[in-house]
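Each remark here refers to the structure printed beneath this line.
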Amino acid sequence: MTEPVETASLETTGQGWTLALDPSQTRVLVNGFQSWSEAEVRPLTAKQAVPLMAWRHQQGHDPAFLPSGEAGVWRSHTLIALIRPDGGGYVGHSLDESRSFAHWEARASGSQVSVSLKVEGPSIPIVFTETVNVTLTLEQLSAQLARTMRARTPPPLRVWCSWYSCYRGVTLQHMLANAHVSRDRALPFDVFQLDDGFQADLGDWTLPSGHFGGHARDLPVGLSELGFAAGIWLAPFLAGPESELFRTHPEWTLKGEDGLPLPIGHNWGGPYYGLDTTHPEVLAWLRDLAREVVGWGYTYLKLDFLFAGAMPGVRHDQSKTRAEAYRMGLVALREGAGDETFLLLCGAPLASSIGVADAMRTGPDVAPLWDDESRRVWLGDATGPAARNAVHTALSRWYQHAWYQPDPDVMIARRELSLLSSAERHTLLGLLDVVGGLRASSDPIDMLDDEGLTLLRRALEISTPDRPRTLAQSFGGAATHFTRGTFNLTDAPQDGIRAHGYREHAHD
Ligand code: 9PG
C-alpha cells in the first residue's frame with residue numbers, strides 16, 4: 001500500500017512513509033552528522049559502511065545514530081533524498097535544527113521503499129515531498145532551512161593554513177616565512193591561519209607549546225605588516241587529560257552515567273574530554289576565550305572538534321537536548337568573538353551550526369595522497385584524511401552553500417611531499433570550483449615551481465557554486481556529474497575520464 005506523501009510543512013517528532021519505488025532502481029543521497037562524516041549518493045540496495053572500530057564512532061559519526069552497516073538501509077542527518085532513474089523522486093528535509101536533530105532512515109523492503117523520521121528533541125517543521133527534480137527540490141528546501149535559521153554567508157575568503165604542511169610542528173617562523181614569500185609572489189591570500197601546534201595543550205590555549213618559538217599573540221602584527229589578516233585554530237570544547245584546564249576544572253566536563261569525566265574521542269596520542277556546554281561557568285570561559293583571542297588581533301577563528309559539544313552524556317543542565325547544548329556553546333563563542341569575526345567551523349554538527357557559522361568544513365581532511373583504502377574499505381571508515389574522501393563528501397554536500405560558506409578543505413598544488421598525480425591535483429581544483437565557498441592552501445609556498453604557483457592561483461579564484469546535472473548517475477558513489485564538469489572517483493576510466501580525474505565541460 002502506498003500512503004499519500006506530505007507536500008506541506010508539518011510539525012513532527014516522527015513519521016513514516018511507504019513509497020512505490022523499485023529499490024533496485026533507486027539511489028539514495030545521505031548526509032552524515034558532522035563535517036568529517038560521510039555524505040554520498042548510492043544505490044539503495046548497497047551497504048552503508050559503519051566503522052569497525054568503536055572509537056571512530058564518536059570522532060567521525062553520531063554515536064547515537066550511526067550509519068546502519070546493513071545493505072539496503074541508509075541513515076541520514078537533517079535530510080534524505082531518494083532518486084529515480086529519471087532524476088525525480090522524494091526529498092525529506094528538516095526545517096529547523098536549532099534545538100533538535102532529525103534522524104532519517106530509508107529502507108529497501110521487498111518491492112517498496114520505506115522512509116522513517118525520528119526527531120531527537122522538541123517537534124520541528126519538516127517537509128517530505130515527491131518531486132520531478134530531486135536536485136532542485138533539495139536546493140530549495142536547504143535554502144528554506146537556511147532562511148529559518150538566519151544563515152550567514154559572508155563573502156568567501158582565501159586562506160593559507162599551516163596544518164597540511166607543518167602539522168603539529170608549526171612555528172611562528174613558518175607562518176611569517178610563508179606570508180613573506182606569498183607577498184613577494186603577490187599571491188592573493190586574505191588570511192594566514194595558524195593551526196594546531198602553537199598551544200601547550202588542549203584547553204590551555206593561552207600557553208605556548210615548547211616548539212612554537214613565541215606566543216600566538218605575537219603573530220597578527222607581523223602578518224598585518226605583510227598585508228594579511230590573522231587566523232587561528234582552536235578546539236574550544238576539548239580538554240586534554242594532562243591540561244591545566246582539566247586539572248583545575250574536571251567538573252566542567254561531560255560525564256558518563258557513573259558521574260566521571262567521559263572520554264569522547266582519541267587523537268593526539270590519547271583520549272580527550274569534552275566540555276559541558278550547558279554549564280554556566282563553561283559558557284563564560286568560552287566567551288572569555290574567544291574574546292581574548294580576538295583581542296590578540298585574530299579576525300578569523302577555525303573552531304574545530306565541535307562535535308564534542310553534542311556527544312551523548314550527562315550534563316549539568318539535563319533539560320537541554322544535545323542540539324541545544326551544542327548550540328549554547330557555539331553561541332557563547334560567537335558572543336565572545338563578536339559579530340565581525342569570521343568563524344570557520346570544523347568537525348561540527350552541520351545544520352545545527354547555521355546562523356552562527358560563517359563557513360563550515362563540509363568533508364574530511366584532504367591529504368597529499370588519493371585514498372587510504374585499508375581504512376576506508378577494510379575498516380569501513382571513509383572519514384580519514386585522503387583526497388578521495390574529501391572530494392567524495394564535499395561534492396555530495398554541494399547544496400549546503402545556502403547554510404554557510406562551504407570549505408571543502410585545502411588545495412594541494414605541490415609535487416614534492418605529495419603522492420597525488422597531476423589528474424588528482426586537477427580533481428581537487430575541480431572540487432573547489434564546483435563547490436564555491438572558501439579557498440585554502442597549505443603548501444609550503446617556496447616548494448611551488450611555476451606550474452605549482454599557476455595551479456595555486458587558479459585554486460584561489462572564487463567561484464559561484466555549481467549544481468549536479470544528474471544524481472541518477474555517479475562515478476564513485478557521490479554527486480559526480482556537475483554542469484561544469486564530471487568527476488571520476490573510481491579506480492578505472494569512465495566515459496573517457498581518467499581514474500580519479502575531472503573533465504571540465506566545454507563552454508558553449
Ligand atoms: C588539527 C587538524 C586540522 C584539520 C582538522 C582536524 O577523526 N579524526 O581523528 C580527525 C583528527 C584530526 C582531524 C580530522 C579528523 O583534523 O580537520 O584541518 O585542523 O584537526 O589537529
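Residue numbers start at 1 in each chain; chains themselves are named A, B, ... in the order of the C-alpha cells; ligands are numbered from 1 in the order shown.
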At a cut-off of 6 Å and counting only C-alpha atoms and all ligand atoms, what residues surround ligand 1? Please answer as a PyMOL selection string. chain A and resi 59-60+163+195-196+267+365
Would you mind listing what lies within 7 Å of Ala382 (chain A) as number ranges by chain, with only C-alpha atoms counted and same-chain residues fewer than 4 positions away left out? A: 38, 376, 389
Ser418 (chain A) surroundings by only C-alpha atoms, 12 Å radius, close-in-sequence under 5 positions cut, as a PyMOL selection string: chain A and resi 164-165+366-370+386-387+411-413+424-425+443-444+447-448
Filtering to N, CA and C atoms, could you give me those residues as a PDB file, in the first residue's frame?
ATOM      1  N   TYR A 164      48.490  21.394   6.752  1.00  0.00           N
ATOM      2  CA  TYR A 164      48.863  20.331   5.813  1.00  0.00           C
ATOM      3  C   TYR A 164      50.292  20.454   5.280  1.00  0.00           C
ATOM      4  N   SER A 165      51.070  21.382   5.850  1.00  0.00           N
ATOM      5  CA  SER A 165      52.493  21.348   5.540  1.00  0.00           C
ATOM      6  C   SER A 165      53.325  21.243   6.811  1.00  0.00           C
ATOM      7  N   VAL A 366      41.632  16.751   3.515  1.00  0.00           N
ATOM      8  CA  VAL A 366      42.427  16.408   2.337  1.00  0.00           C
ATOM      9  C   VAL A 366      43.768  15.876   2.848  1.00  0.00           C
ATOM     10  N   ALA A 367      44.439  15.065   2.058  1.00  0.00           N
ATOM     11  CA  ALA A 367      45.806  14.638   2.397  1.00  0.00           C
ATOM     12  C   ALA A 367      46.580  14.578   1.090  1.00  0.00           C
ATOM     13  N   PRO A 368      47.913  14.583   1.159  1.00  0.00           N
ATOM     14  CA  PRO A 368      48.700  14.515  -0.078  1.00  0.00           C
ATOM     15  C   PRO A 368      48.761  13.094  -0.634  1.00  0.00           C
ATOM     16  N   LEU A 369      47.644  12.398  -0.577  1.00  0.00           N
ATOM     17  CA  LEU A 369      47.509  11.067  -1.176  1.00  0.00           C
ATOM     18  C   LEU A 369      46.045  10.897  -1.546  1.00  0.00           C
ATOM     19  N   TRP A 370      45.767  10.012  -2.520  1.00  0.00           N
ATOM     20  CA  TRP A 370      44.404   9.893  -3.025  1.00  0.00           C
ATOM     21  C   TRP A 370      43.480   9.155  -2.058  1.00  0.00           C
ATOM     22  N   ALA A 386      42.214  11.917   3.270  1.00  0.00           N
ATOM     23  CA  ALA A 386      42.550  11.418   1.932  1.00  0.00           C
ATOM     24  C   ALA A 386      41.827  12.311   0.933  1.00  0.00           C
ATOM     25  N   ALA A 387      42.486  12.594  -0.196  1.00  0.00           N
ATOM     26  CA  ALA A 387      41.855  13.467  -1.192  1.00  0.00           C
ATOM     27  C   ALA A 387      40.519  12.884  -1.647  1.00  0.00           C
ATOM     28  N   MET A 411      43.499  23.071  -1.257  1.00  0.00           N
ATOM     29  CA  MET A 411      44.113  22.622  -2.496  1.00  0.00           C
ATOM     30  C   MET A 411      45.517  22.113  -2.156  1.00  0.00           C
ATOM     31  N   ILE A 412      45.965  21.076  -2.828  1.00  0.00           N
ATOM     32  CA  ILE A 412      47.373  20.680  -2.698  1.00  0.00           C
ATOM     33  C   ILE A 412      47.984  20.778  -4.086  1.00  0.00           C
ATOM     34  N   ALA A 413      48.781  21.813  -4.292  1.00  0.00           N
ATOM     35  CA  ALA A 413      49.330  22.089  -5.624  1.00  0.00           C
ATOM     36  C   ALA A 413      50.767  21.603  -5.753  1.00  0.00           C
ATOM     37  N   GLU A 424      44.898  13.942 -10.154  1.00  0.00           N
ATOM     38  CA  GLU A 424      44.288  14.089  -8.819  1.00  0.00           C
ATOM     39  C   GLU A 424      44.348  15.536  -8.336  1.00  0.00           C
ATOM     40  N   ARG A 425      45.450  16.222  -8.644  1.00  0.00           N
ATOM     41  CA  ARG A 425      45.527  17.651  -8.284  1.00  0.00           C
ATOM     42  C   ARG A 425      44.440  18.437  -9.010  1.00  0.00           C
ATOM     43  N   ASP A 443      50.204  24.598   1.073  1.00  0.00           N
ATOM     44  CA  ASP A 443      51.507  24.236   0.530  1.00  0.00           C
ATOM     45  C   ASP A 443      52.578  25.162   1.095  1.00  0.00           C
ATOM     46  N   PRO A 444      53.770  24.602   1.420  1.00  0.00           N
ATOM     47  CA  PRO A 444      54.900  25.494   1.704  1.00  0.00           C
ATOM     48  C   PRO A 444      55.163  26.265   0.402  1.00  0.00           C
ATOM     49  N   MET A 447      58.003  25.797  -2.007  1.00  0.00           N
ATOM     50  CA  MET A 447      58.107  24.473  -2.625  1.00  0.00           C
ATOM     51  C   MET A 447      57.443  24.462  -4.008  1.00  0.00           C
ATOM     52  N   LEU A 448      56.737  25.539  -4.343  1.00  0.00           N
ATOM     53  CA  LEU A 448      55.979  25.549  -5.600  1.00  0.00           C
ATOM     54  C   LEU A 448      56.814  26.094  -6.743  1.00  0.00           C
TER      55      LEU A 448
END
Need the shell around Asp371 (chain A): protein/DNA/RNA residues with any atom at most 12 Å away, counting only C-alpha atoms. Skip same-chain ones fewer than 6 positions apart. Format as a PyMOL selection string? chain A and resi 365+377+381-392+419-421+424+489-491+500
Write out, as CSV, each residue of region 122-163 of chain A that has an atom at most 12 Å from region 177-183 of chain A, together with the closest pair of atoms and their distance in Å to one decimal, counting only C-alpha atoms, rows going by chain and rising number.
residue,atom,partner,partner_atom,distance
A:Val159,CA,A:Ala179,CA,10.9
A:Trp160,CA,A:Ala179,CA,8.5
A:Cys161,CA,A:Asn178,CA,10.0
A:Ser162,CA,A:Asn178,CA,9.2
Env of region 72-84 of chain A: 6 Å cut, atoms = only C-alpha atoms, seq-sep filter 6 positions within chain, self excluded. Answer as a PyMOL selection string. chain A and resi 26-33+44-46+90-94+102-108
Excluding same-chain residues fewer than 6 positions from Val191 (chain A), what lies within 7 Å of it counting only C-alpha atoms, as a list in words?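 Non-adjacent residues within range: Arg158, Val159, Trp160, Phe228, Ala229, Ala230 and Gly231 of chain A.
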Take the selection from the previous step and output its residues with all heavy atoms, as a compact mmCIF listing (two decimals), in the first residue's frame.
# COMPACT_ATOMS: atom_id res chain seq x y z
N ARG A 158 40.17 33.76 1.11
CA ARG A 158 41.27 32.94 0.58
C ARG A 158 42.31 32.81 1.70
O ARG A 158 42.85 33.81 2.16
CB ARG A 158 41.85 33.61 -0.66
CG ARG A 158 40.80 33.68 -1.79
CD ARG A 158 41.11 34.73 -2.81
NE ARG A 158 41.18 36.06 -2.22
CZ ARG A 158 41.40 37.17 -2.91
NH1 ARG A 158 41.58 37.12 -4.20
NH2 ARG A 158 41.45 38.34 -2.29
N VAL A 159 42.54 31.57 2.09
CA VAL A 159 43.23 31.31 3.36
C VAL A 159 44.47 30.44 3.15
O VAL A 159 44.40 29.44 2.42
CB VAL A 159 42.27 30.57 4.32
CG1 VAL A 159 42.91 30.35 5.67
CG2 VAL A 159 40.95 31.34 4.47
N TRP A 160 45.57 30.80 3.78
CA TRP A 160 46.70 29.88 3.90
C TRP A 160 46.66 29.30 5.30
O TRP A 160 46.58 30.04 6.29
CB TRP A 160 48.04 30.57 3.66
CG TRP A 160 49.17 29.57 3.56
CD1 TRP A 160 49.58 28.93 2.44
CD2 TRP A 160 50.00 29.10 4.64
NE1 TRP A 160 50.62 28.06 2.73
CE2 TRP A 160 50.89 28.15 4.08
CE3 TRP A 160 50.08 29.35 6.00
CZ2 TRP A 160 51.85 27.47 4.83
CZ3 TRP A 160 51.03 28.67 6.76
CH2 TRP A 160 51.91 27.75 6.17
N PHE A 228 48.22 40.81 5.54
CA PHE A 228 47.31 39.68 5.71
C PHE A 228 46.59 39.76 7.05
O PHE A 228 47.16 40.21 8.05
CB PHE A 228 48.07 38.36 5.65
CG PHE A 228 48.80 38.13 4.35
CD1 PHE A 228 50.19 38.03 4.33
CD2 PHE A 228 48.10 38.04 3.15
CE1 PHE A 228 50.87 37.84 3.13
CE2 PHE A 228 48.77 37.85 1.95
CZ PHE A 228 50.16 37.75 1.94
N ALA A 229 45.35 39.29 7.07
CA ALA A 229 44.63 39.12 8.32
C ALA A 229 45.13 37.85 9.01
O ALA A 229 45.73 36.98 8.36
CB ALA A 229 43.13 39.02 8.05
N ALA A 230 44.88 37.75 10.32
CA ALA A 230 45.39 36.61 11.08
C ALA A 230 44.24 35.69 11.48
O ALA A 230 43.19 36.13 11.92
CB ALA A 230 46.12 37.10 12.33
N GLY A 231 44.50 34.37 11.32
CA GLY A 231 43.52 33.36 11.73
C GLY A 231 44.17 32.38 12.68
O GLY A 231 45.39 32.18 12.65
Backbone DSSP call of alpha helix (DSSP H) for region 404-437 of chain A, listed as a list in words: Ser422, Ala423, Glu424, Arg425, His426, Thr427, Leu428, Leu429, Gly430, Leu431, Leu432, Asp433, Val434 and Val435 of chain A
Between CA of Ser243 (chain A) and CA of Glu324 (chain A), measure the distance and give it in Å to one decimal.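 Interatomic distance here is 26.7 Å.
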From a DSSP pass on the backbone, collect the residues of region 285-470 of chain A flagged as strand (DSSP E) and hand them back as a PyMOL selection string. chain A and resi 300-303+342-345+359-361+405-407+439-441+468-470
Nearest candidate to Thr278 (chain A) (options A:Tyr326, A:Phe246, A:Phe128, A:Trp403; using only C-alpha atoms): A:Tyr326
